[in-house]
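Structure data (mmCIF, C-alpha atoms) from structure.cif:
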data_protein
loop_
_atom_site.label_atom_id
_atom_site.label_comp_id
_atom_site.auth_asym_id
_atom_site.auth_seq_id
_atom_site.Cartn_x
_atom_site.Cartn_y
_atom_site.Cartn_z
CA MET A 29 43.38 123.47 -20.17
CA ALA A 30 45.56 120.60 -21.35
CA THR A 31 48.11 119.28 -18.91
CA THR A 32 51.54 118.15 -20.04
CA ILE A 33 52.59 114.70 -18.75
CA SER A 34 56.29 114.31 -18.13
CA LYS A 35 58.38 111.54 -16.70
CA ALA A 36 58.49 113.37 -13.38
CA ASN A 37 54.70 113.35 -12.84
CA MET A 38 53.76 110.10 -14.68
CA SER A 39 53.34 108.27 -11.35
CA SER A 40 50.40 110.54 -10.43
CA TYR A 41 48.44 109.53 -13.58
CA CYS A 42 46.50 106.41 -14.47
CA PHE A 43 46.78 105.41 -18.12
CA TYR A 44 43.87 103.42 -19.51
CA TYR A 45 41.92 102.39 -22.56
CA MET A 46 38.32 101.21 -22.89
CA GLN A 47 38.19 97.58 -23.97
CA GLY A 48 35.86 96.90 -26.89
CA SER A 49 35.19 100.58 -27.66
CA PRO A 50 35.83 101.87 -31.21
CA GLY A 51 39.09 103.78 -31.59
CA GLU A 52 40.48 102.53 -28.27
CA ALA A 53 43.81 100.63 -28.18
CA TRP A 54 46.50 100.00 -25.63
CA SER A 55 49.09 101.63 -27.93
CA SER A 56 47.36 105.05 -27.66
CA PRO A 57 45.96 105.14 -24.11
CA ASN A 58 43.99 107.82 -22.29
CA ALA A 59 45.02 109.20 -18.91
CA PHE A 60 43.51 110.88 -15.86
CA GLN A 61 45.24 112.31 -12.82
CA PHE A 62 44.63 110.96 -9.32
CA LEU A 63 42.80 113.42 -7.11
CA THR A 64 45.16 112.40 -4.31
CA PRO A 65 48.63 111.76 -5.74
CA PRO A 66 49.90 108.36 -4.53
CA SER A 67 53.04 108.15 -2.41
CA ALA A 68 55.15 105.52 -0.72
CA SER A 69 53.10 105.78 2.49
CA SER A 70 49.76 105.96 0.65
CA PRO A 71 49.96 103.87 -2.56
CA ALA A 72 47.23 103.93 -5.18
CA ARG A 73 44.24 101.64 -4.72
CA LEU A 74 41.17 100.81 -6.78
CA GLN A 75 39.06 103.25 -4.77
CA ASP A 76 41.38 106.11 -5.76
CA CYS A 77 40.98 105.16 -9.44
CA LYS A 78 37.19 105.10 -9.18
CA MET A 79 37.08 108.49 -7.45
CA SER A 80 39.33 110.06 -10.08
CA PHE A 81 37.86 108.30 -13.16
CA PRO A 82 35.94 110.96 -15.16
CA LEU A 83 33.39 108.43 -16.60
CA MET A 84 32.61 106.66 -13.34
CA GLY A 85 29.10 108.06 -13.04
CA GLU A 86 28.00 106.87 -16.50
CA GLY A 87 27.96 103.09 -15.86
CA LYS A 88 29.55 100.09 -14.21
CA TYR A 89 33.09 99.06 -15.04
CA HIS A 90 35.44 96.12 -14.53
CA TRP A 91 39.11 96.98 -13.94
CA ARG A 92 42.22 95.11 -15.04
CA PHE A 93 45.74 96.41 -14.40
CA ARG A 94 48.95 95.58 -16.19
CA GLU A 95 51.50 93.88 -13.95
CA ALA A 96 55.10 93.28 -14.92
CA ILE A 97 56.45 89.74 -14.85
CA GLU A 98 59.68 88.18 -16.02
CA GLY A 99 59.85 88.59 -19.78
CA GLY A 100 56.63 90.58 -20.19
CA PHE A 101 53.44 91.43 -18.35
CA ILE A 102 50.02 90.12 -17.42
CA TRP A 103 46.59 91.65 -16.80
CA ARG A 104 45.40 91.24 -13.23
CA ASP A 105 41.72 91.63 -12.23
CA VAL A 106 41.09 93.91 -9.25
CA GLY A 107 37.60 93.98 -7.75
CA ASP A 108 37.99 95.01 -4.10
CA ASP A 109 38.41 98.74 -3.54
CA ASP A 110 40.81 98.45 -0.58
CA ALA A 111 42.11 94.90 -1.08
CA ALA A 112 45.66 95.57 -2.23
CA VAL A 113 47.97 98.10 -3.83
CA LEU A 114 47.46 98.49 -7.56
CA PRO A 115 50.16 96.82 -9.67
CA ARG A 116 52.45 98.99 -11.79
CA TYR A 117 54.12 98.45 -15.10
CA GLN A 118 57.31 100.39 -15.86
CA GLY A 119 56.56 102.67 -12.91
CA VAL A 120 53.01 103.72 -13.94
CA VAL A 121 49.47 102.47 -13.38
CA PHE A 122 48.05 101.11 -16.65
CA ALA A 123 44.43 99.90 -16.69
CA LYS A 124 42.17 98.11 -19.14
CA ILE A 125 38.55 99.05 -18.39
CA LEU A 126 35.47 97.12 -19.56
CA ARG A 127 32.01 98.56 -19.22
CA THR A 128 29.84 95.74 -17.86
CA ASP A 129 26.40 97.32 -18.07
CA LYS A 130 26.78 97.99 -21.81
CA LEU A 131 28.95 95.30 -23.35
CA PRO A 132 30.14 95.82 -26.93
CA ARG A 133 28.04 94.07 -29.55
CA VAL A 134 29.77 91.65 -31.89
CA ALA A 135 28.43 91.61 -35.42
CA PRO A 136 26.83 88.29 -36.47
CA SER A 137 28.96 88.23 -39.60
CA LYS A 138 32.10 88.28 -37.49
CA ILE A 139 30.80 85.42 -35.35
CA ARG A 140 30.10 83.34 -38.45
CA TYR A 141 33.52 84.17 -39.86
CA ASN A 142 35.28 83.07 -36.66
CA ALA A 143 33.28 79.82 -36.59
CA GLN A 144 34.12 79.08 -40.25
CA ARG A 145 37.75 79.91 -39.65
CA ALA A 146 37.94 77.54 -36.66
CA ALA A 147 36.33 74.73 -38.69
CA ARG A 148 38.51 75.31 -41.80
CA PRO A 149 40.96 72.42 -42.51
CA ALA A 150 44.70 73.01 -42.33
CA SER A 151 45.24 72.79 -46.13
CA SER A 152 42.57 75.40 -46.80
CA SER A 153 44.05 77.71 -44.16
CA ALA A 154 47.45 77.37 -45.75
CA SER A 155 46.13 78.22 -49.25
CA HIS A 156 44.25 81.28 -48.03
CA SER A 157 47.14 82.49 -45.93
CA GLN A 158 49.63 82.73 -48.81
CA PRO A 159 48.61 86.22 -50.12
CA HIS A 160 48.93 87.68 -46.61
CA SER A 161 52.26 86.13 -45.71
CA GLN A 162 54.19 89.44 -45.58
CA PRO A 163 51.77 91.29 -43.21
CA GLN A 164 51.71 88.25 -40.96
CA GLN A 165 55.50 88.21 -40.87
CA ARG A 166 55.52 91.88 -39.93
CA GLU A 167 52.99 91.30 -37.14
CA ALA A 168 54.84 88.27 -35.84
CA ALA A 169 58.21 90.06 -35.82
CA ALA A 170 59.76 90.00 -32.36
CA PRO A 171 60.20 93.37 -30.57
CA PRO A 172 63.61 94.57 -29.43
CA ALA A 173 65.16 92.75 -26.50
CA SER A 174 65.21 95.96 -24.40
CA ARG A 175 61.42 95.87 -23.76
CA PRO A 176 58.91 93.02 -23.33
CA ALA A 177 56.67 91.85 -26.11
CA PRO A 178 53.61 94.10 -26.61
CA TYR A 179 50.24 92.81 -25.46
CA SER A 180 47.41 92.62 -27.98
CA ASP A 181 43.71 91.94 -27.37
CA SER A 182 43.30 90.52 -30.91
CA LEU A 183 43.91 86.91 -31.84
CA PRO A 184 47.49 86.08 -32.94
CA PRO A 185 47.93 85.39 -36.66
CA ARG A 186 47.61 81.80 -37.75
CA PRO A 187 51.04 80.35 -38.65
CA PRO A 188 51.36 78.88 -42.12
CA ALA A 189 50.53 75.21 -42.23
CA ALA A 190 53.48 72.91 -42.64
CA ALA A 191 53.63 70.32 -45.33
CA ALA A 192 51.51 67.37 -44.43
CA ALA A 193 53.66 64.51 -43.20
CA PRO A 194 52.91 61.04 -44.46
CA ALA A 195 50.45 59.29 -42.22
CA PRO A 196 51.94 56.47 -40.14
CA PRO A 197 50.78 52.97 -40.90
CA PRO A 198 47.70 51.99 -38.92
CA ALA A 199 48.40 50.08 -35.74
CA PRO A 200 47.29 46.48 -35.70
CA ALA A 201 43.93 45.98 -34.09
CA PRO A 202 44.14 44.47 -30.60
CA ALA A 203 43.10 40.91 -30.20
CA PRO A 204 39.47 40.59 -29.10
CA ALA A 205 39.03 39.82 -25.43
CA PRO A 206 37.80 36.31 -24.68
CA PRO A 207 34.08 36.23 -23.96
CA ARG A 208 33.28 36.32 -20.25
CA LYS A 209 31.40 33.40 -18.84
CA PRO A 210 27.82 34.35 -17.97
CA GLU A 211 27.51 34.95 -14.26
CA THR A 212 24.57 35.19 -11.95
CA ARG A 213 23.59 38.29 -10.04
CA ALA A 214 25.05 36.93 -6.80
CA GLU A 215 28.36 36.08 -8.52
CA ARG A 216 28.57 39.54 -10.08
CA THR A 217 27.90 41.21 -6.73
CA GLN A 218 30.56 39.09 -5.03
CA ARG A 219 33.11 39.83 -7.77
CA GLU A 220 32.49 43.58 -7.58
CA TYR A 221 32.82 43.45 -3.80
CA LYS A 222 36.18 41.67 -4.06
CA GLU A 223 37.48 44.16 -6.65
CA LYS A 224 36.47 47.09 -4.46
CA ALA A 225 38.02 45.52 -1.36
CA ALA A 226 41.30 44.92 -3.23
CA LYS A 227 41.59 48.66 -3.98
CA GLN A 228 40.95 49.78 -0.42
CA LYS A 229 43.67 50.66 2.02
CA LYS A 230 43.01 50.09 5.71
CA VAL A 231 44.88 51.33 8.77
CA TRP A 232 44.46 50.58 12.42
CA ASP A 233 42.64 53.30 14.39
CA PRO A 234 43.96 53.21 17.99
CA VAL A 235 41.09 55.38 19.27
CA ASP A 236 38.15 53.36 17.91
CA GLU A 237 40.24 50.14 18.00
CA ARG A 238 39.20 49.03 14.53
CA TRP A 239 40.38 49.01 10.92
CA VAL A 240 39.27 52.01 8.86
CA VAL A 241 39.50 52.72 5.14
CA VAL A 242 41.63 55.81 4.47
CA SER A 243 42.00 55.84 0.68
CA ASP A 244 41.76 53.74 -2.47
CA ASN A 245 44.74 51.85 -3.93
CA LYS A 246 45.24 53.83 -7.17
CA SER A 247 48.62 52.33 -8.05
CA GLY A 248 47.02 49.44 -9.86
CA THR A 249 48.91 46.74 -7.94
CA SER A 250 47.07 43.77 -6.56
CA PRO A 251 46.93 43.07 -2.83
CA LYS A 252 49.49 40.27 -3.26
CA GLN A 253 52.03 42.56 -4.94
CA ALA A 254 51.58 45.51 -2.57
CA GLN A 255 53.44 45.22 0.73
CA PRO A 256 50.96 45.68 3.59
CA ALA A 257 51.93 48.38 6.05
CA ALA A 258 52.66 47.19 9.55
CA ALA A 259 49.78 47.98 11.89
CA PRO A 260 50.76 50.29 14.75
CA ALA A 261 50.72 48.86 18.23
CA PRO A 262 47.65 49.62 20.35
CA PRO A 263 48.10 52.61 22.66
CA ASP A 264 49.48 52.14 26.13
CA VAL A 265 46.61 52.77 28.49
CA ASN A 266 48.99 53.68 31.32
CA SER A 267 50.61 56.46 29.31
CA LEU A 268 47.24 57.87 28.25
CA MET A 269 45.51 57.77 31.61
CA GLY A 270 48.47 57.96 34.00
CA MET A 271 46.26 56.67 36.80
CA VAL A 272 46.82 52.89 36.76
CA ALA A 273 49.03 51.24 39.31
CA PRO A 274 52.30 49.62 38.10
CA ALA A 275 51.02 46.22 39.13
CA ALA A 276 47.94 46.59 36.98
CA ALA A 277 50.13 47.83 34.13
CA ALA A 278 52.24 44.69 34.29
CA SER A 279 49.16 42.51 33.94
CA ASP A 280 47.58 44.71 31.28
CA PRO A 281 46.82 42.51 28.26
CA LEU A 282 46.60 45.55 25.97
CA SER A 283 50.28 46.43 26.47
CA SER A 284 51.59 43.00 25.45
CA ALA A 285 48.97 41.64 23.08
CA PRO A 286 49.76 41.99 19.35
CA PRO A 287 47.54 44.28 17.29
CA PRO A 288 44.41 42.61 15.94
CA GLN A 289 44.69 41.31 12.42
CA GLU A 290 42.79 42.98 9.63
CA GLU A 291 39.42 41.35 9.20
CA SER A 292 38.59 39.56 6.02
CA ASN A 293 36.84 41.52 3.29
CA GLN A 294 34.67 38.54 2.42
CA PRO A 295 30.90 39.03 2.84
CA SER A 296 30.86 36.15 5.35
CA ALA A 297 33.24 37.97 7.73
CA ARG A 298 31.57 38.83 11.03
CA ILE A 299 32.19 41.95 13.09
CA ARG A 300 32.47 41.27 16.80
CA GLY A 301 31.53 44.05 19.19
CA VAL A 302 33.14 44.83 22.51
CA THR A 303 31.29 43.18 25.41
CA LEU A 304 30.47 45.59 28.23
CA SER A 305 31.22 43.56 31.35
CA ALA A 306 33.37 43.60 34.48
CA GLU A 307 36.10 41.64 32.67
CA ASN A 308 36.86 44.58 30.37
CA THR A 309 37.69 46.93 33.28
CA VAL A 310 41.20 45.47 33.58
CA GLY A 311 43.77 48.13 32.76
CA LYS A 312 41.27 51.00 32.83
CA SER A 313 41.49 54.02 35.09
CA GLU A 314 39.41 54.21 38.25
CA GLU A 315 36.94 56.67 36.73
CA VAL A 316 36.51 54.59 33.57
CA ALA A 317 36.20 51.34 35.51
CA ALA A 318 33.61 52.88 37.87
CA ALA A 319 31.60 54.23 34.93
CA MET A 320 31.72 50.86 33.19
CA MET A 321 30.58 49.02 36.32
CA GLU A 322 27.78 51.53 36.85
CA ARG A 323 26.66 51.02 33.28
CA VAL A 324 26.81 47.22 33.70
CA ASN A 325 24.72 47.42 36.88
CA ASP A 326 22.17 49.71 35.22
CA MET A 327 21.87 47.35 32.26
CA GLU A 328 21.40 44.35 34.57
CA ALA A 329 18.77 46.20 36.63
CA ALA A 330 16.92 47.24 33.48
CA LYS A 331 17.05 43.66 32.26
CA GLN A 332 15.62 42.30 35.50
CA LYS A 333 12.91 44.97 35.52
CA ALA A 334 11.89 44.16 31.94
CA VAL A 335 11.74 40.44 32.74
CA LYS A 336 9.62 41.10 35.85
CA GLU A 337 7.20 43.34 33.94
CA PHE A 338 6.85 40.71 31.23
CA LYS A 339 6.10 37.99 33.77
CA ASP A 340 3.59 40.20 35.57
CA ARG A 341 1.77 40.88 32.31
CA GLU A 342 1.68 37.19 31.47
CA ASP A 343 0.34 36.34 34.93
CA ALA A 344 -2.32 39.07 34.70
CA VAL A 345 -3.48 37.82 31.29
CA LYS A 346 -3.59 34.22 32.54
CA LYS A 347 -5.47 35.22 35.66
CA GLU A 348 -7.98 37.23 33.69
CA SER A 349 -8.48 34.38 31.24
CA ASP A 350 -9.08 31.93 34.09
CA GLY A 351 -11.57 34.34 35.66
CA GLU A 352 -13.46 34.72 32.38
CA ASP A 353 -13.67 30.95 32.01
CA GLU A 354 -15.13 30.65 35.51
CA VAL A 355 -17.65 33.43 34.89
CA ARG A 356 -18.69 31.93 31.55
CA ARG A 357 -19.23 28.50 33.09
CA ARG A 358 -21.38 29.98 35.85
CA LEU A 359 -23.43 32.61 33.96
CA GLU A 360 -23.78 31.11 30.48
CA PRO A 361 -26.96 29.07 31.31
CA LYS A 362 -28.66 32.15 32.80
CA ILE A 363 -27.92 34.32 29.74
CA LYS A 364 -29.03 31.57 27.38
CA GLU A 365 -32.33 31.10 29.22
CA TRP A 366 -33.01 34.85 28.94
CA SER A 367 -32.09 35.23 25.23
CA GLU A 368 -33.62 32.01 23.85
CA GLU A 369 -36.96 30.26 24.10
CA TYR A 370 -37.40 26.69 22.89
CA GLY A 371 -34.15 26.99 20.90
CA LYS A 372 -35.17 30.18 19.09
CA LYS A 373 -33.95 33.75 19.60
CA ARG A 374 -36.45 35.90 21.47
CA PRO A 375 -37.71 39.11 19.82
CA LEU A 376 -36.51 42.56 20.76
CA ARG A 377 -39.54 43.56 22.86
CA ALA A 378 -39.33 40.37 24.95
CA LEU A 379 -35.62 40.93 25.66
CA ILE A 380 -36.11 44.56 26.71
CA SER A 381 -39.07 43.80 29.02
CA SER A 382 -37.10 41.08 30.89
CA MET A 383 -33.55 42.46 30.80
CA GLU A 384 -33.50 43.31 34.55
CA LYS A 385 -33.44 39.55 35.30
CA VAL A 386 -29.89 39.10 33.96
CA LEU A 387 -28.27 42.46 34.79
CA TRP A 388 -26.11 42.94 37.87
CA PRO A 389 -27.35 44.95 40.87
CA ASN A 390 -27.06 48.74 40.69
CA SER A 391 -26.76 48.62 36.90
CA GLY A 392 -29.00 51.70 36.52
CA TYR A 393 -31.49 50.02 34.23
CA LYS A 394 -35.18 50.89 34.71
CA PRO A 395 -37.54 47.95 33.91
CA VAL A 396 -39.96 48.41 31.03
CA ASN A 397 -43.35 46.72 30.65
CA LEU A 398 -44.15 44.92 27.45
CA GLY A 399 -47.30 46.96 26.93
CA ASP A 400 -45.34 50.21 26.99
CA ILE A 401 -43.21 49.25 23.97
CA LEU A 402 -45.80 47.87 21.60
CA ASP A 403 -45.46 51.00 19.50
CA PRO A 404 -42.47 50.56 17.13
CA LYS A 405 -41.05 54.01 17.89
CA LYS A 406 -41.25 53.42 21.64
CA ALA A 407 -39.60 50.00 21.19
CA ARG A 408 -36.80 51.62 19.23
CA ARG A 409 -36.32 54.28 21.92
CA ALA A 410 -36.27 51.64 24.68
CA TYR A 411 -33.62 49.66 22.76
CA LEU A 412 -31.31 52.68 22.56
CA LYS A 413 -31.61 53.29 26.32
CA ALA A 414 -30.93 49.62 27.10
CA SER A 415 -27.87 49.59 24.78
CA LEU A 416 -26.33 52.49 26.67
CA ILE A 417 -26.41 50.45 29.91
CA VAL A 418 -24.47 47.48 28.48
CA HIS A 419 -22.30 49.24 25.90
CA PRO A 420 -18.63 48.03 26.05
CA ASP A 421 -17.35 51.58 26.54
CA LYS A 422 -19.54 51.98 29.65
CA VAL A 423 -18.44 48.79 31.45
CA ARG A 424 -14.69 48.67 30.79
CA ASP A 425 -13.93 49.66 34.43
CA LEU A 426 -16.23 47.03 35.99
CA GLY A 427 -15.36 43.53 37.11
CA PRO A 428 -15.07 40.45 34.89
CA GLU A 429 -18.59 39.20 35.79
CA GLU A 430 -20.25 42.52 34.90
CA ARG A 431 -18.24 42.80 31.65
CA PHE A 432 -19.26 39.27 30.61
CA ILE A 433 -22.98 39.92 31.27
CA ALA A 434 -22.84 43.29 29.45
CA LYS A 435 -21.12 41.76 26.43
CA ARG A 436 -23.62 38.92 26.02
CA VAL A 437 -26.66 41.17 26.59
CA PHE A 438 -25.32 43.77 24.12
CA ASP A 439 -24.80 41.10 21.45
CA ALA A 440 -28.30 39.66 21.98
CA LEU A 441 -29.94 43.11 21.78
CA SER A 442 -27.99 43.97 18.60
CA GLN A 443 -29.08 40.79 16.83
CA ALA A 444 -32.71 41.24 17.89
CA ASN A 445 -32.68 44.89 16.77
CA GLN A 446 -31.36 43.88 13.35
CA GLU A 447 -34.20 41.43 12.90
CA PHE A 448 -36.64 44.06 14.17
CA MET A 449 -35.44 46.57 11.56
CA ASP A 450 -35.44 43.97 8.77
CA SER A 451 -39.08 43.10 9.50
CA GLY A 452 -40.17 46.71 9.14
CA MET A 453 -40.27 47.42 12.89
CA ARG A 454 -43.12 44.98 13.51
#
With the file now loaded, output its structure as structure tokens.
Amino acid sequence: MATTISKANMSSYCFYYMQGSPGEAWSSPNAFQFLTPPSASSPARLQDCKMSFPLMGEGKYHWRFREAIEGGFIWRDVGDDDAAVLPRYQGVVFAKILRTDKLPRVAPSKIRYNAQRAARPASSSASHSQPHSQPQQREAAAPPASRPAPYSDSLPPRPPAAAAAPAPPPAPAPAPAPPRKPETRAERTQREYKEKAAKQKKVWDPVDERWVVVSDNKSGTSPKQAQPAAAPAPPDVNSLMGMVAPAAAASDPLSSAPPPQEESNQPSARIRGVTLSAENTVGKSEEVAAAMMERVNDMEAAKQKAVKEFKDREDAVKKESDGEDEVRRRLEPKIKEWSEEYGKKRPLRALISSMEKVLWPNSGYKPVNLGDILDPKKARRAYLKASLIVHPDKVRDLGPEERFIAKRVFDALSQANQEFMDSGMR
């Protein structure tokens, strides 16, 4: 049964039209009644519209509501169900609904027409717009002053092109800039650094006690033309800490010394750090001074410890080197007599059968007779057992004398084994 809408019950209805649907227009809207009529204590929200909308179950929709402004209205997007009260226009809720899961299709011919119309020159637009001048004047006619101008989703009509004004004379071409002198890479880097430094603005940071860049100089003035801002005075340590005696405050150099000058922006400018020493504890609180002195003492102790460890390592290396020289001078003739005979290197079998003569006591080596290793395979097996006794990984924990003997014996056995393998194990 049709329901009659009157001015008395218009506030309980939501007027709407489907954007982009055929036959839909804001001038002839549809309407549905809220399931829960809105009131002053419970105004209408987007959730109420969705619950009352008869087509809500058929797809997804985007909601826009007409909101009155001075001289007309606007369309406001509403996406949150409970975000805010829905805007009203002339006392009623008026919505423009767009179905997002099934957007209207625009004909390709219309797209081409709009592109050609946008690219059409002004003279051509004026010639084509002459036959339709009266309809355009009717569409562009202003509405009565008692109500705001109607809103339309279509493009406004193109105004007739005015008569083309005579083109102004061309401006004279600017004088060509003088050619820049070729510069090296270092000169270009220095110039760019100076230009960047001239645009920077620095202020004094009382906390970090240094100059910091806050922003760039965008006014275009050079550093000579711009008036430098006066640097604020360093903070009063007594007022910050409140724990320094008045006598110390009177002798505090921070309270009377002028603020440090801004450092030069030249690449050769050096940044000086704050020295952590007992001299910098003047004017500090007791806790800060004690912490600084503790840090100074720790640094000094660490320095002395590092120096002592370095000296100990140097002494140990020197002592070990001296011991190796003494062992070499004493044992070199014995090793040479065992490994050589009449100036020639002894073969592998001869070295293995007499190796117990040069090894240290309790070395774990079992002597081997020359007759037992005449077979090449047995000689090879005896060499592997002898190499395990004097291998560098097996003697690293022994004394310098044992390490020297093991090294020389291992080298002699390795050379003899190489010759033994090259000769075909003969």
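As for atom CA of A:Ser382 and atom CA of A:Met453, they are spaced 19.3 Å apart.
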What separation in Å, quoted to one decimal, exists between atom CA of A:Ser56 and atom CA of A:Ser34?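 Answer for the atom CA of A:Ser56 to atom CA of A:Ser34 separation: 16.0 Å.
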Just give me the gap between atom CA of A:Gly48 and atom CA of A:Ala96 in Å, one decimal is fine.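 Distance reported for this atom pair: 22.9 Å.
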Reference answer for the PyMOL selection byres ((chain A and resi 110) around 12), as a ChimeraX atom specification: /A:70-78,106-109,111-114
How about saving the chosen residues, C-alpha atoms kept, as a short mmCIF file (atom, residue, chain, number, x, y, z; two decimals), in the coordinates of the input?
data_model
loop_
_atom_site.label_atom_id
_atom_site.label_comp_id
_atom_site.auth_asym_id
_atom_site.auth_seq_id
_atom_site.Cartn_x
_atom_site.Cartn_y
_atom_site.Cartn_z
CA SER A 70 49.76 105.96 0.65
CA PRO A 71 49.96 103.87 -2.56
CA ALA A 72 47.23 103.93 -5.18
CA ARG A 73 44.24 101.64 -4.72
CA LEU A 74 41.17 100.81 -6.78
CA GLN A 75 39.06 103.25 -4.77
CA ASP A 76 41.38 106.11 -5.76
CA CYS A 77 40.98 105.16 -9.44
CA LYS A 78 37.19 105.10 -9.18
CA VAL A 106 41.09 93.91 -9.25
CA GLY A 107 37.60 93.98 -7.75
CA ASP A 108 37.99 95.01 -4.10
CA ASP A 109 38.41 98.74 -3.54
CA ALA A 111 42.11 94.90 -1.08
CA ALA A 112 45.66 95.57 -2.23
CA VAL A 113 47.97 98.10 -3.83
CA LEU A 114 47.46 98.49 -7.56
#
Please build the interface table for stretch 338-392 of chain A against stretch 432-445 of chain A with a cut-off of 7 Å, listing for each qualifying residue the nearest atom pair and the distance in Å to one decimal; count only C-alpha atoms, order rows by chain and increasing number, and write it as a tab-separated table.
residue	atom	partner	partner_atom	distance
A:Ser367	CA	A:Ala440	CA	6.7
A:Pro375	CA	A:Ala444	CA	5.8
A:Leu376	CA	A:Ala444	CA	4.9
A:Leu387	CA	A:Ile433	CA	6.8
Residues within 10 Å of A:Val242, all atoms listed in the file, excluding chain neighbours under 6 positions, as number ranges by chain: A: 228-232
Would you kindly identify which residues have an atom no farther than 10 Å from (-25.6, 49.4, 28.9), using only C-alpha atoms and the file's own coordinates, and write them out as a PyMOL selection string? chain A and resi 387+391-393+412-423+434-435+437-438
Quick one: of A:Gln61, A:Thr128, A:Ser80, A:Ser381, who's nearest to A:Met46, counting all atoms listed in the file?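 Selected residue with least distance to A:Met46: A:Thr128.
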Residues at most 7 Å from A:Gln47, counting only C-alpha atoms, excluding those fewer than 6 positions away in the same chain, as a ChimeraX atom specification? /A:124-126
Write out as a list in words each polymer residue whose atoms come within 7 Å of stretch 40-42 of chain A, counting only C-alpha atoms; drop sequence neighbours fewer than 5 positions from it. Ala59, Phe60, Gln61, Phe62, Pro65, Pro66, Val121 and Phe122 of chain A
